[in-house]
Amino acid sequence: MREIALPDEIGQLRGRGAKLTDDELVASVVLLLNAGHEASVNTFGNGAHALMTHPEQLARITSGEVPMEVALEELLRFDAPLQLFERTATADVDICGQTISGGQKIACLMGSANRDADAFANSDTLDVGRDPNPHVGFGMGRHFCLGAPLARLELQISMSHLLRRFPRLELVGEAPRRPTWVLRGFENVKVEAAP
């Protein structure tokens, strides 16, 4: 397999002269695309759709009752853009009496965890004022999303601008879901500004 030299600045992060294999480079690009674009786009669309289908919650934000940074955490929880993430066990491990063998793949069902009734009161209800909100939309522990601060900032800014410019958006027809089950989002969300 051919190796690709990293630019010097990046190479310093992993040791001078570090190289990525073709597979590592492709995996990194896919990760950046999914995390840096797909997840943010789907959070924005899922969140806008959730607010338009729950106008009382939208009003709590546009009236200033609930700050966007609090509301955004609920939008991430309520309709998670990433429904699951696979991991591969590096060694045998026992979790709650269940043995996971080294090399075995497991899936973390983040969308389901964000609706766990043991963790969230009224877990199937959109509550933009939910605080604290211990959702796992960005993962957790050592697998917490490196780009979470940037994603939060870009989503707070874009959603705030949308709602400031168009405080009374309404859906026009049905919004079709994309036919995927890992990344959750809409093919399109058609809207109009209410008078």
# chains A, B, ... in the order shown; residues from 1 in each chain; ligands from 1

$ closest_atom_pairs --of "region 73-98 of chain A" --to "region 183-189 of chain A" --cutoff "7 Å" --atoms "only C-alpha atoms" --output "Markdown table"
| residue | atom | partner | partner_atom | distance |
| --- | --- | --- | --- | --- |
| A:Ala80 | CA | A:Arg184 | CA | 6.9 |
| A:Pro81 | CA | A:Arg184 | CA | 4.7 |
| A:Leu82 | CA | A:Leu183 | CA | 4.8 |
| A:Gln83 | CA | A:Leu183 | CA | 6.2 |

$ write_last_selection --atoms "N, CA and C atoms" --output "JSON list (two decimals), in the first residue's frame"
[["chain", "number", "residue", "atom", "x", "y", "z"],
["A", 80, "ALA", "N", -31.72, 13.01, 16.51],
["A", 80, "ALA", "CA", -30.28, 12.89, 16.33],
["A", 80, "ALA", "C", -29.90, 12.64, 14.88],
["A", 81, "PRO", "N", -28.92, 13.40, 14.36],
["A", 81, "PRO", "CA", -28.50, 13.21, 12.97],
["A", 81, "PRO", "C", -27.71, 11.92, 12.77],
["A", 82, "LEU", "N", -27.07, 11.45, 13.81],
["A", 82, "LEU", "CA", -26.31, 10.20, 13.74],
["A", 82, "LEU", "C", -26.99, 9.21, 14.67],
["A", 83, "GLN", "N", -27.58, 8.18, 14.10],
["A", 83, "GLN", "CA", -28.36, 7.23, 14.88],
["A", 83, "GLN", "C", -27.52, 6.14, 15.53]]

$ closest_atom_pairs --of "region 131-174 of chain A" --to "region 51-63 of chain A" --cutoff "7 Å" --atoms "only C-alpha atoms" --output "JSON lines"
{"residue": "A:Leu163", "atom": "CA", "partner": "A:Thr62", "partner_atom": "CA", "distance": 6.7}
{"residue": "A:Pro167", "atom": "CA", "partner": "A:Thr62", "partner_atom": "CA", "distance": 6.2}
{"residue": "A:Leu169", "atom": "CA", "partner": "A:Met52", "partner_atom": "CA", "distance": 6.7}
{"residue": "A:Glu170", "atom": "CA", "partner": "A:Met52", "partner_atom": "CA", "distance": 5.8}
{"residue": "A:Leu171", "atom": "CA", "partner": "A:Met52", "partner_atom": "CA", "distance": 6.5}

$ write_last_selection --atoms "all heavy atoms" --output "mmCIF file, in the first residue's frame"
data_model
loop_
_atom_site.group_PDB
_atom_site.id
_atom_site.type_symbol
_atom_site.label_atom_id
_atom_site.label_comp_id
_atom_site.auth_asym_id
_atom_site.auth_seq_id
_atom_site.Cartn_x
_atom_site.Cartn_y
_atom_site.Cartn_z
ATOM 1 N N LEU A 163 -34.042 32.026 12.308
ATOM 2 C CA LEU A 163 -35.235 32.375 13.097
ATOM 3 C C LEU A 163 -35.383 33.876 13.314
ATOM 4 O O LEU A 163 -36.491 34.364 13.474
ATOM 5 C CB LEU A 163 -35.215 31.631 14.431
ATOM 6 C CG LEU A 163 -35.274 30.107 14.318
ATOM 7 C CD1 LEU A 163 -35.268 29.466 15.689
ATOM 8 C CD2 LEU A 163 -36.472 29.658 13.499
ATOM 9 N N PRO A 167 -39.093 34.416 11.703
ATOM 10 C CA PRO A 167 -39.523 33.876 13.002
ATOM 11 C C PRO A 167 -40.756 32.976 12.929
ATOM 12 O O PRO A 167 -41.013 32.212 13.860
ATOM 13 C CB PRO A 167 -39.798 35.120 13.843
ATOM 14 C CG PRO A 167 -40.057 36.210 12.857
ATOM 15 C CD PRO A 167 -39.258 35.868 11.638
ATOM 16 N N LEU A 169 -41.772 30.457 10.404
ATOM 17 C CA LEU A 169 -41.703 29.543 9.274
ATOM 18 C C LEU A 169 -42.758 28.460 9.409
ATOM 19 O O LEU A 169 -43.084 28.042 10.520
ATOM 20 C CB LEU A 169 -40.325 28.878 9.202
ATOM 21 C CG LEU A 169 -39.170 29.738 8.728
ATOM 22 C CD1 LEU A 169 -37.872 28.950 8.819
ATOM 23 C CD2 LEU A 169 -39.395 30.212 7.308
ATOM 24 N N GLU A 170 -43.267 28.010 8.276
ATOM 25 C CA GLU A 170 -44.222 26.908 8.262
ATOM 26 C C GLU A 170 -43.827 25.916 7.176
ATOM 27 O O GLU A 170 -43.311 26.304 6.124
ATOM 28 C CB GLU A 170 -45.641 27.423 7.987
ATOM 29 C CG GLU A 170 -46.191 28.294 9.100
ATOM 30 C CD GLU A 170 -47.594 28.804 8.800
ATOM 31 O OE1 GLU A 170 -48.109 28.565 7.679
ATOM 32 O OE2 GLU A 170 -48.176 29.456 9.683
ATOM 33 N N LEU A 171 -44.085 24.648 7.445
ATOM 34 C CA LEU A 171 -43.819 23.603 6.466
ATOM 35 C C LEU A 171 -44.779 23.719 5.291
ATOM 36 O O LEU A 171 -45.949 24.066 5.473
ATOM 37 C CB LEU A 171 -43.989 22.223 7.088
ATOM 38 C CG LEU A 171 -42.906 21.758 8.040
ATOM 39 C CD1 LEU A 171 -43.325 20.453 8.711
ATOM 40 C CD2 LEU A 171 -41.589 21.574 7.307
#

$ select_by_dssp --residues "chain A" --states "alpha helix (DSSP H)" --output "MDAnalysis selection string"
chainID A and resid 8:14 22:33 39:52 55:62 68:78 110:113 148:165

$ select_by_dssp --residues "region 9-118 of chain A" --states "strand (DSSP E)" --output "MDAnalysis selection string"
chainID A and resid 19:21 85:88 93:95 98:100 105:108

$ closest_residue --among "A:Arg87, A:Phe166, A:Val182, A:Val191" --to "Ile100 (chain A)" --atoms "only C-alpha atoms"
A:Arg87

$ residues_around --residues "Ala89 (chain A)" --least-positions-apart "6" --cutoff "6 Å" --atoms "only C-alpha atoms" --output "ChimeraX atom specification"
/A:102-104

$ write_last_selection --atoms "all heavy atoms" --output "CSV table (one decimal), in the first residue's frame"
chain,number,residue,atom,x,y,z
A,102,GLY,N,-12.7,-9.7,21.7
A,102,GLY,CA,-11.8,-8.8,20.9
A,102,GLY,C,-12.1,-9.0,19.4
A,102,GLY,O,-12.2,-10.2,18.9
A,103,GLY,N,-12.2,-8.0,18.6
A,103,GLY,CA,-12.5,-8.1,17.2
A,103,GLY,C,-13.9,-8.0,16.9
A,103,GLY,O,-14.3,-7.8,15.7
A,104,GLN,N,-14.8,-8.2,17.9
A,104,GLN,CA,-16.2,-8.1,17.6
A,104,GLN,C,-16.7,-6.7,17.5
A,104,GLN,O,-16.3,-5.8,18.2
A,104,GLN,CB,-17.0,-8.8,18.8
A,104,GLN,CG,-18.4,-9.0,18.6
A,104,GLN,CD,-19.1,-9.7,19.8
A,104,GLN,OE1,-18.5,-10.0,20.8
A,104,GLN,NE2,-20.4,-10.0,19.6

$ closest_residue --among "A:Val29, A:Leu84, A:Ala48, A:Val128" --to "Gly64 (chain A)" --atoms "only C-alpha atoms"
A:Val128

$ atom_distance --atom1 "CA of Lys105 (chain A)" --atom2 "CA of Leu33 (chain A)"
22.7 Å

$ residues_around --residues "Val136 (chain A)" --least-positions-apart "5" --cutoff "9 Å" --atoms "only C-alpha atoms" --output "PyMOL selection string"
chain A and resi 76-77+80+110-111+113-114+144

$ write_last_selection --atoms "N, CA and C atoms" --output "mmCIF file, in the first residue's frame"
data_model
loop_
_atom_site.group_PDB
_atom_site.id
_atom_site.type_symbol
_atom_site.label_atom_id
_atom_site.label_comp_id
_atom_site.auth_asym_id
_atom_site.auth_seq_id
_atom_site.Cartn_x
_atom_site.Cartn_y
_atom_site.Cartn_z
ATOM 1 N N LEU A 76 -30.490 18.482 19.058
ATOM 2 C CA LEU A 76 -29.535 17.388 18.846
ATOM 3 C C LEU A 76 -30.051 16.089 19.472
ATOM 4 N N ARG A 77 -30.672 16.176 20.620
ATOM 5 C CA ARG A 77 -31.186 14.999 21.317
ATOM 6 C C ARG A 77 -32.441 14.450 20.655
ATOM 7 N N ALA A 80 -31.725 13.008 16.515
ATOM 8 C CA ALA A 80 -30.278 12.887 16.332
ATOM 9 C C ALA A 80 -29.901 12.645 14.876
ATOM 10 N N MET A 110 -27.097 5.688 19.401
ATOM 11 C CA MET A 110 -27.162 7.014 19.998
ATOM 12 C C MET A 110 -28.547 7.637 19.905
ATOM 13 N N GLY A 111 -29.231 7.426 18.791
ATOM 14 C CA GLY A 111 -30.590 7.953 18.668
ATOM 15 C C GLY A 111 -31.507 7.367 19.725
ATOM 16 N N ALA A 113 -30.455 6.012 22.652
ATOM 17 C CA ALA A 113 -29.983 6.484 23.960
ATOM 18 C C ALA A 113 -30.520 7.874 24.266
ATOM 19 N N ASN A 114 -30.664 8.701 23.238
ATOM 20 C CA ASN A 114 -31.185 10.057 23.439
ATOM 21 C C ASN A 114 -32.681 10.085 23.742
ATOM 22 N N PHE A 144 -15.734 11.190 22.171
ATOM 23 C CA PHE A 144 -16.491 12.423 22.032
ATOM 24 C C PHE A 144 -16.004 13.163 20.789
#

$ residues_around --residues "Phe78 (chain A)" --least-positions-apart "5" --cutoff "9 Å" --atoms "only C-alpha atoms" --output "PyMOL selection string"
chain A and resi 46-47+50+73+111+114-115+123-127+135

$ atom_distance --atom1 "CA of Leu75 (chain A)" --atom2 "CA of Gly129 (chain A)"
10.4 Å

$ closest_residue --among "A:Leu32, A:Ala71, A:Leu20, A:Leu155" --to "Asn133 (chain A)" --atoms "only C-alpha atoms"
A:Ala71

$ residues_around --residues "Met140 (chain A)" --least-positions-apart "6" --cutoff "12 Å" --atoms "only C-alpha atoms" --output "mmCIF file with all heavy atoms, in the first residue's frame"
data_model
loop_
_atom_site.group_PDB
_atom_site.id
_atom_site.type_symbol
_atom_site.label_atom_id
_atom_site.label_comp_id
_atom_site.auth_asym_id
_atom_site.auth_seq_id
_atom_site.Cartn_x
_atom_site.Cartn_y
_atom_site.Cartn_z
ATOM 1 N N PHE A 85 -23.278 4.354 15.879
ATOM 2 C CA PHE A 85 -21.861 4.388 15.581
ATOM 3 C C PHE A 85 -21.294 3.029 15.938
ATOM 4 O O PHE A 85 -21.554 2.522 17.021
ATOM 5 C CB PHE A 85 -21.171 5.481 16.400
ATOM 6 C CG PHE A 85 -20.071 6.163 15.658
ATOM 7 C CD1 PHE A 85 -20.324 7.337 14.977
ATOM 8 C CD2 PHE A 85 -18.804 5.639 15.637
ATOM 9 C CE1 PHE A 85 -19.302 7.985 14.288
ATOM 10 C CE2 PHE A 85 -17.782 6.267 14.949
ATOM 11 C CZ PHE A 85 -18.027 7.446 14.275
ATOM 12 N N CYS A 108 -23.298 1.418 18.978
ATOM 13 C CA CYS A 108 -23.851 2.321 19.983
ATOM 14 C C CYS A 108 -25.052 2.996 19.328
ATOM 15 O O CYS A 108 -24.910 3.700 18.327
ATOM 16 C CB CYS A 108 -22.803 3.358 20.381
ATOM 17 S SG CYS A 108 -23.431 4.614 21.511
ATOM 18 N N MET A 110 -27.097 5.688 19.401
ATOM 19 C CA MET A 110 -27.162 7.014 19.998
ATOM 20 C C MET A 110 -28.547 7.637 19.905
ATOM 21 O O MET A 110 -28.995 8.301 20.831
ATOM 22 C CB MET A 110 -26.095 7.907 19.381
ATOM 23 C CG MET A 110 -24.725 7.365 19.729
ATOM 24 S SD MET A 110 -23.256 8.087 19.000
ATOM 25 C CE MET A 110 -23.722 9.270 17.839
ATOM 26 N N ALA A 113 -30.455 6.012 22.652
ATOM 27 C CA ALA A 113 -29.983 6.484 23.960
ATOM 28 C C ALA A 113 -30.520 7.874 24.266
ATOM 29 O O ALA A 113 -30.840 8.189 25.418
ATOM 30 C CB ALA A 113 -28.458 6.481 23.998
ATOM 31 N N PRO A 134 -28.194 15.772 29.058
ATOM 32 C CA PRO A 134 -27.020 14.902 28.873
ATOM 33 C C PRO A 134 -27.105 13.983 27.656
ATOM 34 O O PRO A 134 -26.810 12.793 27.739
ATOM 35 C CB PRO A 134 -27.007 14.100 30.176
ATOM 36 C CG PRO A 134 -28.449 13.963 30.531
ATOM 37 C CD PRO A 134 -29.089 15.271 30.106
ATOM 38 N N LEU A 146 -14.567 15.494 18.264
ATOM 39 C CA LEU A 146 -13.566 16.541 18.305
ATOM 40 C C LEU A 146 -14.130 17.867 17.780
ATOM 41 O O LEU A 146 -13.758 18.941 18.234
ATOM 42 C CB LEU A 146 -12.349 16.117 17.475
ATOM 43 C CG LEU A 146 -11.173 17.063 17.410
ATOM 44 C CD1 LEU A 146 -10.559 17.244 18.789
ATOM 45 C CD2 LEU A 146 -10.128 16.530 16.445
ATOM 46 N N ALA A 148 -17.225 18.992 18.077
ATOM 47 C CA ALA A 148 -18.457 19.425 18.759
ATOM 48 C C ALA A 148 -18.516 20.930 19.023
ATOM 49 O O ALA A 148 -19.545 21.554 18.749
ATOM 50 C CB ALA A 148 -18.657 18.630 20.052
#
